[in-house]
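Here's the structure we're looking at; comments come further down.
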Protein chains: 2
Amino acid sequence: MAEKNWSQLWLDYSRKKHDSSLECTVKCEGFSEENRVINSAVKELKAGLFDSSLVVIIKKNEALSKESYSIKGGASVEIEAGDENGALYGAFHVIRSAMTGDDVSKLSVSKTPSNPLRMMNHWDNMDGSIERGYSGNSFFYEKDTIIVNDRTRDYVRFMASIGINGVVINNVNVKWAASYLITDRYFDDLVKLSELFNDYGIKLFLSLNFASPIELGGLEICDPLDEKVIDWWKDKIKEVYDRLPGLGGFLVKADSEGRPGPFTYGRTQADGANMLGDIIAPYGGIIIWRCFVYNCTQDWRDYKTDRARAGYDYFKGLDGEYHDNVILQIKNGPMDFQIREPVSPLLGGLTKTNQMLEVQIAQEYTGHQIDLCYLIPMFREILEFRTYCQESNDTVADIVSGRAFGNKLAGMAAVINTGNDFNWTGNDLAAANLYGFGRLAFDTDLSSEEIAREWVRLTFDLEKDLEDKLVEMLLNSREIYERYTSPLGIGWMVNPGVHYGPSVDGYEYSRWGTYHRADHLGIGVDRSDKGTGYAQQYYEPNASAYNDPNTCPEELLLFFHHIPYTWKLKTGKTLIQHIYDSHFQGYEEAKKLAEDWKAFEGKVPERTFNCVSHRFEMQVDNAHEWCDQVNSYFFRKSGIPDEKGRDIF
Amino acid sequence: MAEKNWSQLWLDYSRKKHDSSLECTVKCEGFSEENRVINSAVKELKAGLFDSSLVVIIKKNEALSKESYSIKGGASVEIEAGDENGALYGAFHVIRSAMTGDDVSKLSVSKTPSNPLRMMNHWDNMDGSIERGYSGNSFFYEKDTIIVNDRTRDYVRFMASIGINGVVINNVNVKWAASYLITDRYFDDLVKLSELFNDYGIKLFLSLNFASPIELGGLEICDPLDEKVIDWWKDKIKEVYDRLPGLGGFLVKADSEGRPGPFTYGRTQADGANMLGDIIAPYGGIIIWRCFVYNCTQDWRDYKTDRARAGYDYFKGLDGEYHDNVILQIKNGPMDFQIREPVSPLLGGLTKTNQMLEVQIAQEYTGHQIDLCYLIPMFREILEFRTYCQESNDTVADIVSGRAFGNKLAGMAAVINTGNDFNWTGNDLAAANLYGFGRLAFDTDLSSEEIAREWVRLTFDLEKDLEDKLVEMLLNSREIYERYTSPLGIGWMVNPGVHYGPSVDGYEYSRWGTYHRADHLGIGVDRSDKGTGYAQQYYEPNASAYNDPNTCPEELLLFFHHIPYTWKLKTGKTLIQHIYDSHFQGYEEAKKLAEDWKAFEGKVPERTFNCVSHRFEMQVDNAHEWCDQVNSYFFRKSGIPDEKGRDIF
């Protein structure tokens with residue numbers, strides 16, 4: 001076979017298995033080897049295990065729940081599973097254990113996925129571009145056609161190996177050709193793609209244009225309560241399921257950032273979602289409805305309107321009105337994937353509605369996969385956050401897993417960070433987020449470090465000291481990025497549009513609702529009860545804690561309060577000195593990361609070394625700009641000099 | 001004939017001449033009616049004059065200088081002229097007089113153009129786009145082909161009617177297909193265009209890619225002193241003139257904003273310009289060399305480097321080294337076409353070098369032909385500016401006309417504001433700048449008001465009060481625009497890239513050398529001898545006047561000095577209060593312009609009325625944003641409240 005022009009990421013079996021003709025023995029009990037998913041599991045075990053004397057038995061165990069598995073090592077390794085997906089995940093578990101150096105004969109483990117839905121959302125456009133893509137172009141589309149090839153197959157394998165069971169293959173902003181994905185023009189290709197997905201237990205989902213009745217159907221409206229509109233959807237969805245019976249359902253971004261939606265017709269978000277939900281229900285499909293609804297034409301002069309409030313304000317009142325096969329997909333924070341935000345008060349704020357967590361591993365605001373930013377620690381913080389929606393079992397992990405309120409539909413989705421670059425993720429190290437999201441969504445008990453180490457071991461062959469070093473670099477990277485960018489939860493301060501590099505006032509006088517309100521005395525947005533009242537959207541004691549600058553967690557201080565530069569932080573430092581210190585520190589740490597990476601020359605593939613080296617150089621430049629611009633901006637505005645007399649311009 | 005889908009601007013003969021079959025009598029003496037330019041003059045007179053009993057005699061008078069004319073009214077109207085161009089300009093003078101309501105039988109006037117070169121520079125790209133174009137796409141190009149049609153012919157007529165005698169038809173940034181303008185691919189079309197131009201006494205010029213030896217010739221360098229490069233140019237320019245014998249010459253942007261140039265090879269700008277000049281000299285061509293050379297990758301942290309200094313620093317030392325058929329084209333100010341800048345110290349700073357003035361009627365930084373901004377008052381200020389390069393005869397008008405130092409090559413060029421919109425200039429009222437530039441370049445003694453009134457009378461049929469009103473609106477518009485945008489000569493504060501709308505810090509931390517250096521105490525760039533020393537590039541007494549904030553003209557105060565917000569201006573107001581007051585005033589005045597325009601409904605063509613009304617609406621929005629953003633920015637930074645307690649955010 002010709003050399004593939006894409007990497008094998010964490011499934012590079014050839015690294016451990018030098019003679020690919022040697023295969024272990026795999027037997028199936030209670031499962032048919034003809035089954036497409038079981039067949040994949042068998043193939044992966046034979047390809048991935050490098051001990052040809054090994055015998056693996058895949059066994060059905062009706063007592064195990066859906067997608068669960070139990071592995072027992074010994075003379076042979078037994079994978080018991082509740083269903084085919086469980087068997088496949090068990091197989092990947094065995095392979096992972098072998099590749100990371102565990103003795104598989106000693107395995108004894110049972111796993112049930114933490115979240116029923118574990119999804120990737122692609123923001124790929126059919127012209128091949130990717131909205132917020134930092135790793136080349138789409139591998140799903142080129143010039144309005146769908147690509148299904150060996151690379152697609154590897155993608156599917158990667159996703160299954162980390163436990164992903166649903167993929168939305170097109171941008172939530174459904175534009176141009178993507179509107180036609182639900183027409184005859186694309187069904188044949190979608191069937192091919194869907195079958196490839198199904199081989200690995202993954203359901204295909206599509207983003208839907210809510211205005212399809214207008215754009216495709218020639219109707220004049222897309223009012224969800226209009227009979228003609230409903231009839232049009234009934235016909236359309238029947239047509240779609242006739243051709244794509246395995247389709248998981250649809251993801252919908254409505255009434256958001258210029259997208260059409262129910263509000264246009266004076267209807268509620270529930271009216272829109274339930275209409276589609278009811279029509280798709282007979283086919284077993286679901287509707288995933290995004291909660292990213294806010295006024296994106298705000299007047300910056302208006303201090304009362306608060307974009308952070310919008311999700312809760314629009315959706316909380318409808319709690320309990322969404323039908324069973326509708327699930328709301330809620331971004332982790334109330335704004336938009338900043339390096340630090342509070343957890344969205346909708347999570348747990350809704351108690352009678354299916355809900356799932358949306359995070360973004362595409363590093364839109366977190367360094368464009370140039371800067372190193374391992375996001376799993378952030379995702380863990382979110383999952384561990386106590387909402388106090390009930391006395392216990394109230395963390396975000398409890399809620400989005402469905403166990404808090406007994407929802408069957410629940411889960412996690414990530415806006416994915418992939419593209420057709422050789423290494424899939426632009427920066428080789430950004431693959432840690434891709435891997436990590438899947439593993440965390442499957443098992444929310446895994447620590448950030450466990451995941452990082454697993455990924456490092458699967459991806460590289462490093463001696464212990466370098467493995468430790470790389471794990472440490474990953475674990476520190478999010479706080480380093482935070483230090484040299486916007487301070488204490490205020491967010492933004494990025495170049496408008498591109499969202500990379502500093503522009504302190506870039507969004508300050510814009511229509512996007514993303515302000516820092518800095519003046520010569522202080523900075524921050526008053527979201528207490530004396531300000532926009534956003535803090536009151538939380539349950540107690542969170543609401544009171546956030547409401548008071550003395551009890552507000554300091555890393556979120558400027559998100560919730562307008563604070564004087566002379567305010568004393570718990571460290572004893574003033575706010576302005578904290579801004580200076582953290583920025584100088586972050587810049588130094590970025591340089592240290594670049595320096596530390598030099599030790600990996602010759603220890604990782606040359607291509608990886610060079611790519612990552614170049615990215616670190618760019619990160620250092622970026623950190624330098626951030627440091628100097630932010631410090632200069634606040635020095636010029638406050639007139640308060642740096643205590644340590646460092647260069648500020 | 002089918003209705004033209006472009007307007008006739010100030011040459012809409014049909015407005016006055018209701019029966020187009022009636023023609024005056026035109027006789028020629030000493031000129032051949034066969035001559036293409038005389039033929040055009042005759043045609044225009046017959047088409048444009050509406051008194052069919054009129055007899056016009058075009059007579060050669062060898063005593064008159066090139067391009068000059070003398071008109072005497074009487075029983076017949078006699079146009080005496082030194083050459084064909086003079087005859088054509090005389091003809092247009094008679095037509096203009098008739099159309100504006102003068103009694104042509106009483107005409108008695110002699111005119112010699114103030115400037116030998118009166119040029120338009122198109123920044124049109126061959127794909128049809130226009131760099132900094134605000135009036136649709138190019139009418140010269142579409143999809144890399146050249147357009148020559150009836151519209152081109154009208155364009156040429158318009159240009160001749162205002163005295164333009166040279167046109168550069170392609171963007172100074174010579175990119176893509178435009179590199180091939182000097183190859184066989186385009187010669188046939190250029191010949192057609194050139195002939196059309198020649199019919200109206202206009203010379204065709206081309207912008208040249210200095211790297212042509214590399215891009216077209218396959219050489220590895222374009223070093224102007226390299227023999228192979230010189231030989232390549234000799235062959236190429238021979239080929240060009242074999243095909244385009246009437247070509248005026250070339251405009252070159254070298255070593256500027258990423259364009260290649262002599263600096264790449266350690267050569268001087270003179271080396272580059274003279275090399276081309278020497279080669280083109282035998283063909284009677286000239287080289288127009290732009291002086292827009294500066295470091296566009298400046299570090300914003302660097303307070304010593306000053307973009308304003310660059311032109312003088314690069315070009316002054318070479319004064320006297322440029323060959324006779326080379327002329328330097330110098331932007332009016334040291335920065336880049338801001339609403340207020342000092343006059344470039346190169347103008348008159350050079351005393352032994354051919355030089356011409358470059359202004360921009362494309363409203364890049366002056367409102368995108370959305371906002372009304374009649375620029376002739378600004379151009380007059382520039383022309384009237386005393387450089388003190390010698391005791392008398394030292395104004396910019398003296399210098400660029402050639403009379404200060406006895407240059408034969410001298411003149412004025414404008415970056416043109418046209419496109420293929422129906423009205424040519426996006427905003428109908430922006431045609432006043434197009435008209436005005438040509439008239440002013442031909443006759444620098446004309447006042448801004450004379451030109452405005454002439455244009456209004458030629459373009460519209462208004463009663464006296466509305467005519468006065470429109471003239472007043474035009475005359476006030478530049479200062480209105482200045483009031484609501486960046487204060488006291490500091491410039492910029494625009495949205496990066498697009499250059500429309502406010503972004504106070506938009507260029508503050510960038511690589512472009514365009515900073516305001518505002519902090520909590522004050523604003524402005526110290527260009528005195530204590531700062532960058534730029535003020536010293538002027539002759540005395542200008543140098544001393546600019547050097548001291550107490551004597552610096554206040555409209556340029558922040559260009560030359562970093563001034564505390566509490567500084568008292570001559571009005572007694574503090575600087576900060578001036579910022580507030582002028583911005584509120586400018587916004588109010590913009591609203592007044594929009595209001596005043598309402599009186600023109602039914603008095604101007606409906607299409608014009610609607611177009612301009614819409615533009616004024618947008619101008620009011622723009623002025624509102626500028627006012628509030630600038631005031632809020634400086635209030636937040638200074639902490640000093642508006643004395644009048646108006647809304648600042």
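Residue numbering restarts at 1 in every chain; chains get A, B, ... in the order shown in the structure tokens, and ligands count up from 1 in that same order.
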Stretch 225-230 of chain A surroundings by only C-alpha atoms, 9 Å radius, close-in-sequence under 3 positions cut, as a ChimeraX atom specification: /A:213-214,217,219,221-222,233-235,265,267,271-272,275-276,279
Exercise: stretch 619-627 of chain B partners within 10 Å, only C-alpha atoms, chain neighbours under 3 positions left out, as a ChimeraX atom specification: /A:509-510 /B:367-372,480-481,483-486,493-494,500-504,579-594,613-616,630-633,648
Sel. of alpha helix (DSSP H) residues, stretch 436-554 of chain B, as a count of residues only: 46
Residues at most 8 Å from B:Gly320, counting only C-alpha atoms, excluding those fewer than 5 positions away in the same chain, as a PDB file with all heavy atoms, in the first residue's frame?
ATOM      1  N   THR B 351      14.995  70.175  -4.122  1.00  0.00           N
ATOM      2  CA  THR B 351      15.063  71.407  -4.933  1.00  0.00           C
ATOM      3  C   THR B 351      15.645  71.128  -6.311  1.00  0.00           C
ATOM      4  O   THR B 351      15.556  71.957  -7.203  1.00  0.00           O
ATOM      5  CB  THR B 351      15.939  72.466  -4.239  1.00  0.00           C
ATOM      6  OG1 THR B 351      17.269  71.942  -4.085  1.00  0.00           O
ATOM      7  CG2 THR B 351      15.379  72.840  -2.879  1.00  0.00           C
ATOM      8  N   LYS B 352      16.260  69.959  -6.475  1.00  0.00           N
ATOM      9  CA  LYS B 352      16.916  69.672  -7.746  1.00  0.00           C
ATOM     10  C   LYS B 352      16.319  68.434  -8.407  1.00  0.00           C
ATOM     11  O   LYS B 352      16.992  67.745  -9.154  1.00  0.00           O
ATOM     12  CB  LYS B 352      18.418  69.474  -7.497  1.00  0.00           C
ATOM     13  CG  LYS B 352      19.126  70.761  -7.068  1.00  0.00           C
ATOM     14  CD  LYS B 352      20.532  70.502  -6.541  1.00  0.00           C
ATOM     15  CE  LYS B 352      20.503  70.088  -5.077  1.00  0.00           C
ATOM     16  NZ  LYS B 352      21.831  69.879  -4.475  1.00  0.00           N
ATOM     17  N   THR B 353      15.076  68.161  -8.086  1.00  0.00           N
ATOM     18  CA  THR B 353      14.452  66.925  -8.535  1.00  0.00           C
ATOM     19  C   THR B 353      13.051  67.238  -9.051  1.00  0.00           C
ATOM     20  O   THR B 353      12.329  68.006  -8.418  1.00  0.00           O
ATOM     21  CB  THR B 353      14.366  65.925  -7.350  1.00  0.00           C
ATOM     22  OG1 THR B 353      15.686  65.658  -6.876  1.00  0.00           O
ATOM     23  CG2 THR B 353      13.692  64.633  -7.763  1.00  0.00           C
TER      24      THR B 353
END
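The shortest atom-to-atom distance to A:Arg259, with only C-alpha atoms taken into account, belongs to A:Val172 out of A:Gly438, A:Val172, A:Ile38, A:Asp223.
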Where does chain B meet chain A within 8 Å, residue by residue, with the nearest atom pair and distance in Å to one decimal for each, counting only C-alpha atoms, listed by chain and rising number, as JSON lines?
{"residue": "B:Arg301", "atom": "CA", "partner": "A:Phe649", "partner_atom": "CA", "distance": 5.7}
{"residue": "B:Ser503", "atom": "CA", "partner": "A:Gly506", "partner_atom": "CA", "distance": 8.0}
{"residue": "B:Asp505", "atom": "CA", "partner": "A:Asp505", "partner_atom": "CA", "distance": 6.8}
{"residue": "B:Gly506", "atom": "CA", "partner": "A:Gly506", "partner_atom": "CA", "distance": 7.5}
{"residue": "B:Tyr509", "atom": "CA", "partner": "A:Gln629", "partner_atom": "CA", "distance": 6.8}
{"residue": "B:Ala518", "atom": "CA", "partner": "A:Arg636", "partner_atom": "CA", "distance": 7.2}
{"residue": "B:Asp519", "atom": "CA", "partner": "A:Arg636", "partner_atom": "CA", "distance": 4.2}
{"residue": "B:His520", "atom": "CA", "partner": "A:Lys637", "partner_atom": "CA", "distance": 4.9}
{"residue": "B:Leu521", "atom": "CA", "partner": "A:Gly639", "partner_atom": "CA", "distance": 7.9}
{"residue": "B:Gln629", "atom": "CA", "partner": "A:Tyr509", "partner_atom": "CA", "distance": 6.7}
{"residue": "B:Phe635", "atom": "CA", "partner": "A:Asp519", "partner_atom": "CA", "distance": 7.9}
{"residue": "B:Arg636", "atom": "CA", "partner": "A:Asp519", "partner_atom": "CA", "distance": 4.1}
{"residue": "B:Lys637", "atom": "CA", "partner": "A:His520", "partner_atom": "CA", "distance": 4.9}
{"residue": "B:Ser638", "atom": "CA", "partner": "A:His520", "partner_atom": "CA", "distance": 6.4}
{"residue": "B:Gly639", "atom": "CA", "partner": "A:His520", "partner_atom": "CA", "distance": 6.0}
{"residue": "B:Phe649", "atom": "CA", "partner": "A:Arg301", "partner_atom": "CA", "distance": 5.7}
Can I get the selected residues back with N, CA and C atoms, as a PDB file, in the first residue's frame?
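New file selection-v2.pdb:
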ATOM      1  N   ARG B 301       6.289  49.196  19.907  1.00  0.00           N
ATOM      2  CA  ARG B 301       6.980  49.550  21.158  1.00  0.00           C
ATOM      3  C   ARG B 301       8.064  50.595  20.917  1.00  0.00           C
ATOM      4  N   SER B 503     -12.048  52.960  15.245  1.00  0.00           N
ATOM      5  CA  SER B 503     -11.438  51.996  16.151  1.00  0.00           C
ATOM      6  C   SER B 503     -10.214  52.719  16.711  1.00  0.00           C
ATOM      7  N   ASP B 505      -8.046  52.357  19.014  1.00  0.00           N
ATOM      8  CA  ASP B 505      -6.785  51.625  19.149  1.00  0.00           C
ATOM      9  C   ASP B 505      -6.518  50.693  17.964  1.00  0.00           C
ATOM     10  N   GLY B 506      -7.300  50.839  16.905  1.00  0.00           N
ATOM     11  CA  GLY B 506      -7.210  49.892  15.787  1.00  0.00           C
ATOM     12  C   GLY B 506      -5.801  49.719  15.247  1.00  0.00           C
ATOM     13  N   TYR B 509      -1.394  49.196  18.238  1.00  0.00           N
ATOM     14  CA  TYR B 509      -0.397  48.184  18.609  1.00  0.00           C
ATOM     15  C   TYR B 509      -0.030  47.366  17.382  1.00  0.00           C
ATOM     16  N   ALA B 518      -1.878  57.517  23.128  1.00  0.00           N
ATOM     17  CA  ALA B 518      -2.713  58.058  24.214  1.00  0.00           C
ATOM     18  C   ALA B 518      -2.484  57.276  25.495  1.00  0.00           C
ATOM     19  N   ASP B 519      -2.353  57.997  26.603  1.00  0.00           N
ATOM     20  CA  ASP B 519      -2.377  57.360  27.906  1.00  0.00           C
ATOM     21  C   ASP B 519      -3.355  58.124  28.800  1.00  0.00           C
ATOM     22  N   HIS B 520      -3.330  57.878  30.104  1.00  0.00           N
ATOM     23  CA  HIS B 520      -4.354  58.498  30.951  1.00  0.00           C
ATOM     24  C   HIS B 520      -4.139  60.001  31.102  1.00  0.00           C
ATOM     25  N   LEU B 521      -2.958  60.498  30.713  1.00  0.00           N
ATOM     26  CA  LEU B 521      -2.662  61.926  30.883  1.00  0.00           C
ATOM     27  C   LEU B 521      -2.762  62.740  29.604  1.00  0.00           C
ATOM     28  N   GLN B 629     -17.691  56.623  20.305  1.00  0.00           N
ATOM     29  CA  GLN B 629     -16.517  55.799  20.604  1.00  0.00           C
ATOM     30  C   GLN B 629     -15.322  56.659  20.990  1.00  0.00           C
ATOM     31  N   PHE B 635     -12.838  59.614  27.581  1.00  0.00           N
ATOM     32  CA  PHE B 635     -13.378  59.767  28.933  1.00  0.00           C
ATOM     33  C   PHE B 635     -12.899  58.631  29.823  1.00  0.00           C
ATOM     34  N   ARG B 636     -12.995  57.412  29.301  1.00  0.00           N
ATOM     35  CA  ARG B 636     -12.568  56.271  30.113  1.00  0.00           C
ATOM     36  C   ARG B 636     -11.079  56.355  30.438  1.00  0.00           C
ATOM     37  N   LYS B 637     -10.301  56.877  29.503  1.00  0.00           N
ATOM     38  CA  LYS B 637      -8.857  56.899  29.681  1.00  0.00           C
ATOM     39  C   LYS B 637      -8.432  58.050  30.596  1.00  0.00           C
ATOM     40  N   SER B 638      -9.089  59.198  30.409  1.00  0.00           N
ATOM     41  CA  SER B 638      -8.670  60.382  31.167  1.00  0.00           C
ATOM     42  C   SER B 638      -9.402  60.513  32.485  1.00  0.00           C
ATOM     43  N   GLY B 639     -10.616  59.986  32.529  1.00  0.00           N
ATOM     44  CA  GLY B 639     -11.429  60.170  33.719  1.00  0.00           C
ATOM     45  C   GLY B 639     -11.984  61.574  33.875  1.00  0.00           C
ATOM     46  N   PHE B 649     -20.061  57.102  27.303  1.00  0.00           N
ATOM     47  CA  PHE B 649     -20.372  55.749  27.786  1.00  0.00           C
ATOM     48  C   PHE B 649     -19.152  55.004  28.356  1.00  0.00           C
TER      49      PHE B 649
END
Surrounding residues of B:Lys236 excluding itself and chain neighbours under 5 positions, 12 Å, only C-alpha atoms, as a list in words: Tyr180, Leu181, Ile182, Thr183, Asp184, Leu208, Ser212, Pro213, Leu216, Gly217, Val229, Ile230, Asp231, Tyr241, Asp242, Arg243, Leu244, Leu276, Ile279 and Ile280 of chain B
Output as a compact mmCIF listing (two decimals) with C-alpha atoms, in the first residue's frame all residues of stretch 506-645 of chain A that backbone DSSP marks as strand (DSSP E).
# COMPACT_ATOMS: atom_id res chain seq x y z
CA GLY A 522 -10.89 49.78 36.88
CA ILE A 523 -12.12 46.98 34.68
CA ILE A 563 -13.00 46.14 40.05
CA PRO A 564 -10.62 49.03 40.74
Top pick for closest residue to B:Ile162, considering B:Thr571, B:Asn85, B:Thr145, B:Thr566 and counting only C-alpha atoms: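 Distance minimum relative to B:Ile162 lands on B:Asn85.
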Non-local contacts of B:Val26 (12 Å; only C-alpha atoms; under 4 positions in same chain excluded) as JSON, numbers by chain: {"B": [33, 38, 39, 40, 41, 42, 43, 44, 45, 46, 47, 48, 49, 52, 53, 54, 55, 56, 57, 58, 59, 76, 77, 78, 79, 91]}
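In this structure, atom CA of A:Gly285 sits 18.0 Å away from atom CA of A:Pro224.
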Given only C-alpha atoms as the counted atoms, nearest of A:Val498, A:Met335, A:Ala413, A:Leu346 to A:Tyr312: A:Leu346
Atomic distance atom CA of A:Pro262 - atom CA of A:Ile130, expressed in Å with one decimal: 26.7 Å
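Neighbours of B:Gly86 closer than or equal to 8 Å, with only C-alpha atoms counted and sequence neighbours fewer than 5 positions away skipped, come out as Lys66, Glu67, Ser68, Tyr69 and Ala81 of chain B.
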Of the listed residues A:Lys331, A:Arg118, A:Arg457, A:Arg36, that which approaches A:Met412 most closely, counting only C-alpha atoms: A:Arg118
Best match for closeness to A:Gly533 among A:Glu391, A:Met378, A:Asp468, A:Asp306, counting only C-alpha atoms: A:Asp306
Atom-to-atom span, atom CA of A:Ala160 and atom CA of A:Pro113, Å: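 A separation of 12.7 Å between them.
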